Amino acid sequence: MTTRKKPEELRSHRWYGVKDLRSFGHRSRTAQMGYHRSDYAGKPVIAIINTWSDINPCHTHFKQRVEEVKRGVWQAGGFPVEMPAISLSEPMQKPTTMLYRNLLAMETEELLKSYPADGCVLMGGCDKTTPALVMGAVSMNLPTIFLPAGPMLRGDYKGQYLGSGSDTWKYWAELRAGNITENDWQDVEDGIARSPGHCMTMGTASTLTSAVEALGLTLPGAASIPAPDSRHAQMATLTGKRIVDMVWEDLKPLDILTKQSFRNAVTTVLALGGSTNSVVHLVAMAKRSGISLNIDEFDEIARSTPVIANLRPSGKYLMEDFYYAGGLRAFLARLGDRVDGTQKTCMGTTLGENIADAKVYNDDVILPLDKPLVAKDGLAVLRGNLAPGGAVIKPAAMEPHLRKHQGKAVVFKDYNDMSARIDSPDLDVDKDSVIVLQSAGPQGAPGMPEWGQLPIPQKLLKEGVRDMLRISDARMSGTSYGACVLHVTPESHVGGPLALVQTGDVIAIDIEARSINMLVSDDELARRRAAWKPPIPKFTRGYGALYLKHIQQADNGCDFDFLEPGYGEANPAGGEPEIH
């Protein structure tokens with residue numbers, strides 16, 4: 001039988017339940033907001049970390065959803081407190097939301113630490129909000145439940161379903177090739193995003209919310225519900241109810257998260273054909289949990305994991321179809337013993353118990369294990385003299401003839417250089433060339449933006465070329481596709497081998513061998529390295545300067561070193577320091 005906390009054992013009791021002058025101030029100011037002491041006395045205080053913003057289209061429904069979460073908290077006998085946090089709007093924020101992921105993680109941790117929170121509901125979904133919220137909450141380790149924003153509805157263009165991101169790149173290429181008109185392009189623009197919610201392809205957003213559900217931090221089935229569906233509102237209220245019970249049960253993230261639950265999340269991501277961004281974020285989330293998860297484990301699991309979600313950009317369908325086909329619960333049930341069903345979840349039940357009655361309703365969306373979209377290698381980790389720390393690629397999203405390829409490099413020193421020259425008729429490039437972008441990593445860009453789906457030169461588009469080998473230290477949108485090598489580590493800005501590549505060098509890639517090399521002698525590389533000079537730092541003040549000083553490389557999750565467990569002087573007693 002679960003031991004339940006007593007009211008005087010609540011963390012918030014230190015604010016509200018003590019008979020002293022400070023608590024008088026806490027109670028009187030709460031009365032100032034219109035609350036009677038009976039609203040909160042002896043009840044769990046639930047912090048609702050809401051990443052709503054007028055400039056975040058993925059979260060436009062969060063104004064309403066937060067009220068539904070509050071309703072559930074009230075109904076379960078808790079006291080809900082909404083705490084707005086920075087909203088990382090993937091389509092709007094420059095140079096990239098990745099620059100600010102750790103800022104949201106810090107804000108989440110500090111909000112929970114400094115206020116009278118007994119437990120929290122995390123409201124996120126747009127790409128970086130999910131890992132950031134989880135990272136911060138895990139570091140604080142209060143009872144936590146994640147509420148995913150949910151995917152938007154399918155896009156529409158002349159009777160065809162559109163997928164966010166994926167069809168943007170597709171039709172942009174067709175516009176540049178002269179195959180569609182500006183009016184066609186306008187119609188795509190008007191129809192591709194037509195409801196609240198995050199990308200409805202298996203991009204970074206759905207990849208990460210699915211991973212967090214597989215980790216056990218959401219209600220069962222929560223990640224798949226489309227944002228406008230009334231069942232999403234119901235899920236929000238049920239989330240509010242459940243977090244109150246989790247506080248009484250003292251069920252915290254570190255009671256749920258294990259090495260095996262993270263391997264479940266990796267397996268889920270790979271079988272979904274999910275975003276390469278998941279590598280960086282899951283490594284960071286695991287490290288915050290005190291769990292070692294390295295990029296080679298992704299490769300190991302990928303070698304035996306079939307892709308059974310027929311979802312764009314690798315497949316045919318969209319997240320709305322996935323939900324109607326049974327959603328993530330049915331998907332996990334179909335994976336069978338490839339996921340460890342004994343792992344605990346926020347429900348207090350095991351993952352296996354949560355999916356025991358789940359059924360697949362459309363075998364063309366969630367494919368049988370013996371008829372996968374791709375038999376294995378939904379993701380691959382490459383190493384060689386170009387990427388000694390590793391690089392990632394999504395083989396399922398590339399043209400097969402490029403799986404083993406070599407060609408001469410066409411090098412761009414940074415994004416501006418690429419933008420200025422990529423479509424020049426005089427660019428010395430052909431379909432076998434290898435396009436290389438430097439200075440796009442964590443420090444170089446800065447922030448490691450989603451520049452990795454490098455554009456194909458216009459003159460090659462007009463010849464019918466739709467895929468080429470492209471290499472960078474950037475990331476790529478989970479909605480993207482193509483033979484794009486990403487996360488090259490160490491990045492060029494800190495003197496990684498990518499910084500030494502020159503136009504005309506021959507680069508060779510072999511997916512099966514997991515290799516990526518530039519065919520340049522060691523002596524020549526040593527000469528180039530001796531001549532290389534460190535670039536000028538991108539920031540000299542503010543958050544940017546803090547970022548550059550403490551950001552780690554992609555293979556380590558791009559977290560700040562000082563936010564990881566064990567940094568600096570460890571507290572011998574462990575746990576949270578007393579707040580006075």
# chains A, B, ... in the order shown; residues from 1 in each chain; ligands from 1

call {"tool": "select_by_dssp", "arguments": {"residues": "stretch 328-478 of chain A", "states": "strand (DSSP E or B)", "output": "MDAnalysis selection string"}}
result
chainID A and resid 344 350 366 374 380:384 387:393 404:412 434:437 469:472

call {"tool": "closest_atom_pairs", "arguments": {"of": "stretch 489-538 of chain A", "to": "stretch 550-570 of chain A", "cutoff": "9 Å", "atoms": "only C-alpha atoms", "output": "Markdown table"}}
result
| residue | atom | partner | partner_atom | distance |
| --- | --- | --- | --- | --- |
| A:Thr489 | CA | A:Ala554 | CA | 6.7 |
| A:Pro490 | CA | A:Gln553 | CA | 6.8 |
| A:Glu491 | CA | A:Gln553 | CA | 7.5 |

call {"tool": "closest_residue", "arguments": {"among": "A:Glu512, A:Asp467, A:Glu399, A:Asp417", "to": "A:Lys431", "atoms": "only C-alpha atoms"}}
result
A:Asp467

call {"tool": "atom_distance", "arguments": {"atom1": "atom CA of A:Leu147", "atom2": "atom CA of A:Leu122"}}
result
5.8 Å

call {"tool": "residues_around", "arguments": {"residues": "A:Ala105", "least_positions_apart": "6", "cutoff": "6 Å", "atoms": "only C-alpha atoms", "output": "MDAnalysis selection string"}}
result
chainID A and resid 132:133 135:136

call {"tool": "select_by_dssp", "arguments": {"residues": "stretch 376-461 of chain A", "states": "alpha helix (DSSP H)", "output": "count of residues only"}}
result
11

call {"tool": "residues_around", "arguments": {"residues": "A:Ala233", "least_positions_apart": "6", "cutoff": "9 Å", "atoms": "only C-alpha atoms", "output": "PyMOL selection string"}}
result
chain A and resi 64-65+68-69+227

call {"tool": "closest_atom_pairs", "arguments": {"of": "stretch 232-310 of chain A", "to": "stretch 192-214 of chain A", "cutoff": "10 Å", "atoms": "only C-alpha atoms", "output": "CSV"}}
result
residue,atom,partner,partner_atom,distance
A:Ser261,CA,A:Ala214,CA,7.3
A:Phe262,CA,A:Ala214,CA,8.2
A:Arg263,CA,A:Ala214,CA,9.4
A:Asn264,CA,A:Ala214,CA,6.4
A:Ala265,CA,A:Ala211,CA,4.8
A:Val266,CA,A:Ala211,CA,7.3
A:Thr267,CA,A:Ala211,CA,9.0
A:Thr268,CA,A:Ala211,CA,6.5
A:Val269,CA,A:Thr207,CA,6.1
A:Leu270,CA,A:Thr207,CA,9.3
A:Leu272,CA,A:Met202,CA,7.4
A:Gly273,CA,A:Met202,CA,7.3
A:Gly274,CA,A:Thr207,CA,5.2
A:Ser275,CA,A:Thr204,CA,5.1
A:Thr276,CA,A:Thr204,CA,7.8
A:Asn277,CA,A:Thr204,CA,6.3
A:Ser278,CA,A:Leu208,CA,6.5
A:His281,CA,A:Leu208,CA,8.3
A:Leu282,CA,A:Ala211,CA,8.4
A:Met285,CA,A:Val212,CA,10.0
A:Ala309,CA,A:Met202,CA,9.0
A:Asn310,CA,A:Met202,CA,9.5

call {"tool": "closest_residue", "arguments": {"among": "A:Gly216, A:Gly290, A:Gly17, A:Gly42", "to": "A:Asp340", "atoms": "only C-alpha atoms"}}
result
A:Gly216

call {"tool": "closest_atom_pairs", "arguments": {"of": "stretch 338-441 of chain A", "to": "stretch 517-526 of chain A", "cutoff": "6 Å", "atoms": "only C-alpha atoms", "output": "tab-separated table"}}
result
residue	atom	partner	partner_atom	distance
A:Gly384	CA	A:Asn517	CA	5.1
A:Asn385	CA	A:Asn517	CA	5.2
A:Leu386	CA	A:Asn517	CA	5.1
